[in-house]
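Since the structure comes first, as structure tokens, the remarks are kept for the end.
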Amino acid sequence: MKRILTSLTAFVMLFANIAVAKNQLLPLEAFASIPDVSHVTMSPNGKLIASLVRLNTDKQQGAIINILDIDTRESIFPVQTDNEKFVILSMSWASDDLLLVEAKFPAVRYGTPTTETRIITYSVSKKKISNLLSRFGLKKFKWMPQIQSNIIDYLPNDEKHILLGINGLGNKPQYESVIQVNLNNGNVRFKQPAESNITDWVTDRQNRIRVGIYRKDTQYRIYEQADAHKDRRLLWEFEAFEEDQVWPMGFAEDKDILYVQAYHEGYEAIFKVNLQDPKLTKELVFSKEFSDVNGSLIYSKLKKKVIGIDDGDESEYTFWDKEYIGLANGLNKALPDYRNYITQFSENERRYIVYSTNAKEAGIYFFGDRDAGQLLPIAYRYKQLSPDVLADTETLTYQARDGLDIQAFLTTPKGQEAKNLPTIIFPHGGPISYDSNSFDYWTQFFANRGYAVLRMNFRGSAGYGYDFMKAGLKNWGLDMQNDVEDGTRWLIERGTADPNKICIVGASYGGYAALMGVATTQDLYQCAVSVAGVTDIEYLVKSSRRYTNFEIVKKQIGDDYDALYERSPLSKAKDINVPVLLIHGDKDRVVRVQHSEDMFDELEDLNKPVEYIELENGDHYLSNNKHRINTFMAIEAFLQKNLL
């Protein structure tokens, strides 16, 4: 560890010598731009590191792929996008030479807006870009598959092929088949024919297709088969959002040992099951106290066993193998002020990537070499945002009106006393999602502009166990909304928020909560901002009719359409008496742009103070840098006008 500490000492001293004013106002672009670097992934031999780098020149905007040779420090830039025609979602290595790039783009099928995905490949040795599926291979399909990026198995012992789950083939083209794709020429071969209502397949470590996940309406079944074309047997059966659910995660080296995710004492945990056991007894492998465990398995080819779980938004590795627990502990000693997550190993597990972050650290990627004893910084996620210029975040708990504990995160402007501050209430999207005490670019932007920011995990948020999640079902506009209001009033009572300077801001479900907040509590907020927000829950549910998850949506949100409309901001526009800012992308495939268009028309007809910005070719996630910057500029001007 001496070399690690030596390397990091200079790195830490560099930050220590940066002189920063107490309330330094940073450029809006420092927060609003898409990350400078993201999607960092290492080739199996540990010699090449691919990442997605933001493009920001007078002539070009978007993102470009950088492939860095870690030994020579030379880079190539094979693929770029403007983040409008298509957006890069992920990158992974199929071999030391071949990079797989998953991308999405908006489309329309038979009048229904869709999101399409594709995989393109880049060969480093040939310097060649190709579509994963060749035209010849696609001729076998009855229609062009919408989703072409569901990799079932990378086939680590076969560099020439991968297994892909895909629709559009065989006698049941509406369901998912499994094909073997030749990585050299894009040709395909059937491996598993589609079966009615089976939506996904899982392979074992011997690359046999062993488990099928069945869904019909809201019912799930988990089937196991000895091999493709063989008879299946039912392992588990359960309803969506019920506590008896059992989700297959992957196999051990032993073909009869299946790892699953299921509830343990009310919280999601990891178990293993011997499929030869008639009772299918679940043996607990890993759990957390008072929180759910989610993610995918980490399998060590060297040890031929599962060694941990890849969980969290940043692909965080949590180990239960002693050797790798030791490695993680060493990193934490070397970087004591950060949360340090190993995100990837080389094939021989001697080289690795580390992502380090905390509430004030926007994210640093490190390259680690266990043989050389090195840990070197290779990229900053947001290079203009060092911890010295960012605000502190405090983890708190308040009680909702019915006594339920709600975890919240309070960020206050740097160098200011947390008293009587102009405040942003910032509920998250999802709503089955969550906020945490980690870096959030929206929050830090608001704090840099002088606002306190409160984020809360209202009931229905993910990560807090079954009962907490279940409390959010069919609860839009009810107790979930009360939790947000109760957090606002609690912040006023403790003296942090100036009661005359509070704006509620949100995106997606958070945008819904913002609009409902000003519609139902006219005395509480001075303005509202909704980015890609839901304004009509009835329309949200009905617009899912042509999608396969319609019954799931109804079970989650509800199907009493009259009641849903009454709990929609659109129905309560007459009750909104404060300024409202609506922002929406016209190619949003998650929450259709009609939500904001209708809300704007209704408010305008009622002569309410409303502004509306529609982002041309904009998606749900502000993937385009120009859209993100324009959104932040509009929000900043709106807040200055209506709050300060």
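Ordering of the structure tokens sets the chain letters (A, B, ...), residue numbers begin anew at 1 in every chain, and ligands are numbered from 1 in the order given.
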For Thr115 of chain A, find every residue with an atom within 12 Å (counting only C-alpha atoms), except residues of its own chain fewer than 5 positions away, and show them as a PDB file with N, CA, C and O atoms, in the first residue's frame.
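That gives us selection-v3.pdb:
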ATOM      1  N   LYS A  85     -29.622  12.373 -32.245  1.00  0.00           N
ATOM      2  CA  LYS A  85     -29.981  11.250 -33.121  1.00  0.00           C
ATOM      3  C   LYS A  85     -29.918   9.946 -32.347  1.00  0.00           C
ATOM      4  O   LYS A  85     -30.771   9.075 -32.502  1.00  0.00           O
ATOM      5  N   PHE A  86     -28.885   9.790 -31.530  1.00  0.00           N
ATOM      6  CA  PHE A  86     -28.822   8.635 -30.639  1.00  0.00           C
ATOM      7  C   PHE A  86     -28.005   9.002 -29.411  1.00  0.00           C
ATOM      8  O   PHE A  86     -27.186   9.921 -29.440  1.00  0.00           O
ATOM      9  N   VAL A  87     -28.243   8.275 -28.315  1.00  0.00           N
ATOM     10  CA  VAL A  87     -27.558   8.488 -27.043  1.00  0.00           C
ATOM     11  C   VAL A  87     -26.901   7.188 -26.634  1.00  0.00           C
ATOM     12  O   VAL A  87     -27.532   6.121 -26.666  1.00  0.00           O
ATOM     13  N   ALA A 103     -26.709   1.864 -27.682  1.00  0.00           N
ATOM     14  CA  ALA A 103     -27.242   3.197 -27.939  1.00  0.00           C
ATOM     15  C   ALA A 103     -28.759   3.134 -28.051  1.00  0.00           C
ATOM     16  O   ALA A 103     -29.331   2.094 -28.380  1.00  0.00           O
ATOM     17  N   LYS A 104     -29.402   4.268 -27.781  1.00  0.00           N
ATOM     18  CA  LYS A 104     -30.858   4.358 -27.913  1.00  0.00           C
ATOM     19  C   LYS A 104     -31.204   5.523 -28.828  1.00  0.00           C
ATOM     20  O   LYS A 104     -30.431   6.468 -28.999  1.00  0.00           O
ATOM     21  N   PHE A 105     -32.411   5.453 -29.421  1.00  0.00           N
ATOM     22  CA  PHE A 105     -32.928   6.563 -30.208  1.00  0.00           C
ATOM     23  C   PHE A 105     -34.452   6.490 -30.203  1.00  0.00           C
ATOM     24  O   PHE A 105     -35.034   5.411 -30.040  1.00  0.00           O
ATOM     25  N   PRO A 106     -35.136   7.638 -30.366  1.00  0.00           N
ATOM     26  CA  PRO A 106     -36.604   7.641 -30.359  1.00  0.00           C
ATOM     27  C   PRO A 106     -37.158   7.212 -31.708  1.00  0.00           C
ATOM     28  O   PRO A 106     -36.567   7.476 -32.757  1.00  0.00           O
ATOM     29  N   ALA A 107     -38.314   6.553 -31.673  1.00  0.00           N
ATOM     30  CA  ALA A 107     -38.977   6.128 -32.909  1.00  0.00           C
ATOM     31  C   ALA A 107     -40.473   6.044 -32.648  1.00  0.00           C
ATOM     32  O   ALA A 107     -40.953   6.292 -31.527  1.00  0.00           O
ATOM     33  N   VAL A 108     -41.215   5.701 -33.695  1.00  0.00           N
ATOM     34  CA  VAL A 108     -42.658   5.499 -33.592  1.00  0.00           C
ATOM     35  C   VAL A 108     -43.004   4.213 -34.325  1.00  0.00           C
ATOM     36  O   VAL A 108     -42.594   4.011 -35.469  1.00  0.00           O
ATOM     37  N   ARG A 109     -43.742   3.321 -33.670  1.00  0.00           N
ATOM     38  CA  ARG A 109     -44.181   2.071 -34.283  1.00  0.00           C
ATOM     39  C   ARG A 109     -45.704   2.027 -34.273  1.00  0.00           C
ATOM     40  O   ARG A 109     -46.319   2.017 -33.212  1.00  0.00           O
ATOM     41  N   PRO A 145     -36.536  -5.875 -34.719  1.00  0.00           N
ATOM     42  CA  PRO A 145     -36.699  -5.844 -33.264  1.00  0.00           C
ATOM     43  C   PRO A 145     -36.488  -4.440 -32.708  1.00  0.00           C
ATOM     44  O   PRO A 145     -35.557  -3.731 -33.109  1.00  0.00           O
ATOM     45  N   GLN A 146     -37.346  -4.073 -31.770  1.00  0.00           N
ATOM     46  CA  GLN A 146     -37.225  -2.762 -31.125  1.00  0.00           C
ATOM     47  C   GLN A 146     -36.009  -2.720 -30.203  1.00  0.00           C
ATOM     48  O   GLN A 146     -35.212  -1.782 -30.243  1.00  0.00           O
ATOM     49  N   ILE A 147     -35.861  -3.726 -29.353  1.00  0.00           N
ATOM     50  CA  ILE A 147     -34.753  -3.784 -28.395  1.00  0.00           C
ATOM     51  C   ILE A 147     -33.743  -4.809 -28.901  1.00  0.00           C
ATOM     52  O   ILE A 147     -34.042  -6.004 -28.986  1.00  0.00           O
ATOM     53  N   GLN A 148     -32.545  -4.334 -29.233  1.00  0.00           N
ATOM     54  CA  GLN A 148     -31.506  -5.211 -29.770  1.00  0.00           C
ATOM     55  C   GLN A 148     -30.246  -5.174 -28.895  1.00  0.00           C
ATOM     56  O   GLN A 148     -29.134  -5.353 -29.389  1.00  0.00           O
ATOM     57  N   SER A 149     -30.427  -4.956 -27.610  1.00  0.00           N
ATOM     58  CA  SER A 149     -29.261  -4.769 -26.737  1.00  0.00           C
ATOM     59  C   SER A 149     -29.287  -5.641 -25.486  1.00  0.00           C
ATOM     60  O   SER A 149     -28.492  -5.425 -24.571  1.00  0.00           O
ATOM     61  N   TYR A 547     -48.548  -1.076 -24.444  1.00  0.00           N
ATOM     62  CA  TYR A 547     -47.275  -1.629 -23.989  1.00  0.00           C
ATOM     63  C   TYR A 547     -47.528  -2.897 -23.170  1.00  0.00           C
ATOM     64  O   TYR A 547     -48.602  -3.085 -22.594  1.00  0.00           O
ATOM     65  N   LYS A 587     -39.414  14.596 -27.592  1.00  0.00           N
ATOM     66  CA  LYS A 587     -39.196  13.182 -27.902  1.00  0.00           C
ATOM     67  C   LYS A 587     -39.106  12.334 -26.627  1.00  0.00           C
ATOM     68  O   LYS A 587     -38.495  11.277 -26.622  1.00  0.00           O
ATOM     69  N   ASP A 588     -39.722  12.827 -25.571  1.00  0.00           N
ATOM     70  CA  ASP A 588     -39.752  12.094 -24.302  1.00  0.00           C
ATOM     71  C   ASP A 588     -40.587  10.836 -24.483  1.00  0.00           C
ATOM     72  O   ASP A 588     -41.771  10.913 -24.842  1.00  0.00           O
ATOM     73  N   ARG A 589     -39.988   9.662 -24.234  1.00  0.00           N
ATOM     74  CA  ARG A 589     -40.694   8.392 -24.377  1.00  0.00           C
ATOM     75  C   ARG A 589     -41.088   7.790 -23.029  1.00  0.00           C
ATOM     76  O   ARG A 589     -41.613   6.682 -22.975  1.00  0.00           O
ATOM     77  N   VAL A 590     -40.821   8.499 -21.936  1.00  0.00           N
ATOM     78  CA  VAL A 590     -41.201   8.028 -20.607  1.00  0.00           C
ATOM     79  C   VAL A 590     -42.457   8.755 -20.141  1.00  0.00           C
ATOM     80  O   VAL A 590     -43.446   8.135 -19.744  1.00  0.00           O
ATOM     81  N   ASP A 619     -35.117  14.308 -24.860  1.00  0.00           N
ATOM     82  CA  ASP A 619     -35.626  13.083 -24.258  1.00  0.00           C
ATOM     83  C   ASP A 619     -35.975  13.323 -22.788  1.00  0.00           C
ATOM     84  O   ASP A 619     -35.964  14.459 -22.306  1.00  0.00           O
ATOM     85  N   HIS A 620     -36.251  12.249 -22.074  1.00  0.00           N
ATOM     86  CA  HIS A 620     -36.690  12.358 -20.681  1.00  0.00           C
ATOM     87  C   HIS A 620     -35.549  12.713 -19.739  1.00  0.00           C
ATOM     88  O   HIS A 620     -35.786  13.202 -18.636  1.00  0.00           O
TER      89      HIS A 620
END
If you run DSSP on this backbone, which residues of segment 75-204 of chain A come out as helix (DSSP H, G or I), and could you give them as a ChimeraX atom specification?
/A:135-138
Of the residues A:Gln261, A:Thr121, A:Ser134, A:Ser300, which is the one nearest to Gly186 of chain A, using only C-alpha atoms?
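For Gly186 of chain A, the nearest of the candidates is A:Ser134.
Within the 10 Å cut-off around Gln192 of chain A, using only C-alpha atoms and omitting residues fewer than 6 positions from it on the same chain, the listed residues are Leu163, Gly165, Gly170, Glu176, Ser177, Val178, Ile179, Gln180, Trp201, Arg208, Ile209, Asp227, Ala228 and His229 of chain A.
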Please produce a file of the residues just selected, as a short mmCIF file (atom, residue, chain, number, x, y, z; two decimals), in the first residue's frame, where the atoms kept are N, CA and C atoms.
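Saved the output as result.cif:
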data_model
loop_
_atom_site.label_atom_id
_atom_site.label_comp_id
_atom_site.auth_asym_id
_atom_site.auth_seq_id
_atom_site.Cartn_x
_atom_site.Cartn_y
_atom_site.Cartn_z
N LEU A 163 -24.56 -14.27 -26.55
CA LEU A 163 -25.97 -14.64 -26.60
C LEU A 163 -26.81 -13.39 -26.37
N GLY A 165 -30.85 -11.83 -26.14
CA GLY A 165 -32.28 -12.03 -26.04
C GLY A 165 -32.99 -11.03 -26.96
N GLY A 170 -39.04 -16.78 -34.99
CA GLY A 170 -39.71 -18.04 -34.70
C GLY A 170 -41.22 -17.97 -34.80
N GLU A 176 -39.58 -13.37 -26.34
CA GLU A 176 -38.13 -13.32 -26.49
C GLU A 176 -37.52 -14.68 -26.80
N SER A 177 -36.75 -14.72 -27.89
CA SER A 177 -35.90 -15.86 -28.21
C SER A 177 -34.48 -15.54 -27.75
N VAL A 178 -33.63 -16.54 -27.77
CA VAL A 178 -32.20 -16.32 -27.54
C VAL A 178 -31.45 -16.75 -28.79
N ILE A 179 -30.58 -15.85 -29.26
CA ILE A 179 -29.78 -16.15 -30.44
C ILE A 179 -28.30 -16.04 -30.10
N GLN A 180 -27.52 -16.80 -30.83
CA GLN A 180 -26.07 -16.68 -30.75
C GLN A 180 -25.63 -15.76 -31.89
N TRP A 201 -34.40 -14.70 -20.21
CA TRP A 201 -33.75 -15.99 -20.00
C TRP A 201 -32.44 -15.80 -19.24
N ARG A 208 -25.45 -22.70 -20.63
CA ARG A 208 -26.71 -23.30 -21.03
C ARG A 208 -27.87 -22.41 -20.57
N ILE A 209 -28.91 -22.34 -21.38
CA ILE A 209 -30.05 -21.50 -21.06
C ILE A 209 -30.93 -22.28 -20.08
N ASP A 227 -31.96 -27.80 -20.29
CA ASP A 227 -31.30 -27.18 -21.44
C ASP A 227 -32.40 -26.69 -22.39
N ALA A 228 -32.00 -25.95 -23.41
CA ALA A 228 -32.98 -25.48 -24.39
C ALA A 228 -33.71 -26.67 -25.00
N HIS A 229 -34.98 -26.49 -25.33
CA HIS A 229 -35.85 -27.50 -25.94
C HIS A 229 -36.27 -28.60 -24.96
#
For Asn577 of chain A: contacts at 8 Å, only C-alpha atoms, fewer than 6 positions along chain excluded, given as a list in words:
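My reading of the contact set: Val518, Ala519, Gln522, Lys608 and Pro609 of chain A.
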Which of segment 229-341 of chain A DSSP labels strand (DSSP E or B), written as a PyMOL selection string
chain A and resi 232-239+246-251+257-264+267-274+282-286+288+291+296-300+305-311+316-319+339-341
Residues of the last selection are to be written out with C-alpha atoms, as a PDB file, in the first residue's frame.
ATOM      1  CA  ARG A 232     -39.477 -26.892 -17.911  1.00  0.00           C
ATOM      2  CA  ARG A 233     -40.451 -27.118 -14.258  1.00  0.00           C
ATOM      3  CA  LEU A 234     -42.002 -24.379 -12.153  1.00  0.00           C
ATOM      4  CA  LEU A 235     -39.789 -23.105  -9.339  1.00  0.00           C
ATOM      5  CA  TRP A 236     -41.729 -20.116  -7.981  1.00  0.00           C
ATOM      6  CA  GLU A 237     -44.913 -18.232  -8.741  1.00  0.00           C
ATOM      7  CA  PHE A 238     -45.871 -14.796  -7.382  1.00  0.00           C
ATOM      8  CA  GLU A 239     -47.678 -11.528  -8.087  1.00  0.00           C
ATOM      9  CA  VAL A 246     -38.077 -14.648  -5.847  1.00  0.00           C
ATOM     10  CA  TRP A 247     -35.903 -13.274  -8.646  1.00  0.00           C
ATOM     11  CA  PRO A 248     -33.136 -15.395 -10.214  1.00  0.00           C
ATOM     12  CA  MET A 249     -29.774 -13.600 -10.375  1.00  0.00           C
ATOM     13  CA  GLY A 250     -27.377 -16.200 -11.752  1.00  0.00           C
ATOM     14  CA  PHE A 251     -25.668 -19.496 -11.084  1.00  0.00           C
ATOM     15  CA  ILE A 257     -26.815 -23.695  -7.248  1.00  0.00           C
ATOM     16  CA  LEU A 258     -28.905 -20.670  -8.205  1.00  0.00           C
ATOM     17  CA  TYR A 259     -28.529 -17.268  -6.540  1.00  0.00           C
ATOM     18  CA  VAL A 260     -31.791 -15.382  -6.035  1.00  0.00           C
ATOM     19  CA  GLN A 261     -33.050 -12.120  -4.622  1.00  0.00           C
ATOM     20  CA  ALA A 262     -35.923 -12.372  -2.144  1.00  0.00           C
ATOM     21  CA  TYR A 263     -37.197 -10.677   0.995  1.00  0.00           C
ATOM     22  CA  HIS A 264     -35.562 -11.445   4.329  1.00  0.00           C
ATOM     23  CA  TYR A 267     -35.871  -6.363   3.192  1.00  0.00           C
ATOM     24  CA  GLU A 268     -34.493  -7.610  -0.116  1.00  0.00           C
ATOM     25  CA  ALA A 269     -31.474  -9.869   0.327  1.00  0.00           C
ATOM     26  CA  ILE A 270     -29.356 -12.409  -1.584  1.00  0.00           C
ATOM     27  CA  PHE A 271     -29.857 -16.168  -1.153  1.00  0.00           C
ATOM     28  CA  LYS A 272     -28.688 -19.315  -2.858  1.00  0.00           C
ATOM     29  CA  VAL A 273     -30.880 -22.310  -3.642  1.00  0.00           C
ATOM     30  CA  ASN A 274     -29.942 -25.890  -4.487  1.00  0.00           C
ATOM     31  CA  LYS A 282     -33.247 -20.438   0.469  1.00  0.00           C
ATOM     32  CA  GLU A 283     -29.870 -20.063   2.217  1.00  0.00           C
ATOM     33  CA  LEU A 284     -29.074 -16.459   3.151  1.00  0.00           C
ATOM     34  CA  VAL A 285     -25.844 -15.181   1.565  1.00  0.00           C
ATOM     35  CA  PHE A 286     -25.900 -11.401   2.012  1.00  0.00           C
ATOM     36  CA  LYS A 288     -28.100  -5.335   5.007  1.00  0.00           C
ATOM     37  CA  SER A 291     -32.140  -1.636   3.778  1.00  0.00           C
ATOM     38  CA  SER A 296     -25.984  -8.251 -10.084  1.00  0.00           C
ATOM     39  CA  LEU A 297     -23.556 -10.987  -9.074  1.00  0.00           C
ATOM     40  CA  ILE A 298     -19.779 -10.610  -9.275  1.00  0.00           C
ATOM     41  CA  TYR A 299     -18.288 -13.892 -10.434  1.00  0.00           C
ATOM     42  CA  SER A 300     -14.548 -14.628 -10.165  1.00  0.00           C
ATOM     43  CA  LYS A 305     -17.235 -18.670  -7.437  1.00  0.00           C
ATOM     44  CA  VAL A 306     -19.453 -15.690  -6.751  1.00  0.00           C
ATOM     45  CA  ILE A 307     -17.496 -13.205  -4.628  1.00  0.00           C
ATOM     46  CA  GLY A 308     -19.927 -10.311  -4.209  1.00  0.00           C
ATOM     47  CA  ILE A 309     -22.600  -8.110  -5.717  1.00  0.00           C
ATOM     48  CA  ASP A 310     -22.475  -5.164  -8.073  1.00  0.00           C
ATOM     49  CA  ASP A 311     -25.002  -2.773  -6.547  1.00  0.00           C
ATOM     50  CA  GLU A 316     -20.522  -0.393  -6.787  1.00  0.00           C
ATOM     51  CA  TYR A 317     -18.863  -3.673  -5.830  1.00  0.00           C
ATOM     52  CA  THR A 318     -19.718  -5.136  -2.420  1.00  0.00           C
ATOM     53  CA  PHE A 319     -17.645  -8.216  -1.574  1.00  0.00           C
ATOM     54  CA  ARG A 339     -16.753   6.167  -0.676  1.00  0.00           C
ATOM     55  CA  ASN A 340     -14.610   3.910  -2.846  1.00  0.00           C
ATOM     56  CA  TYR A 341     -16.156   1.375  -5.175  1.00  0.00           C
TER      57      TYR A 341
END
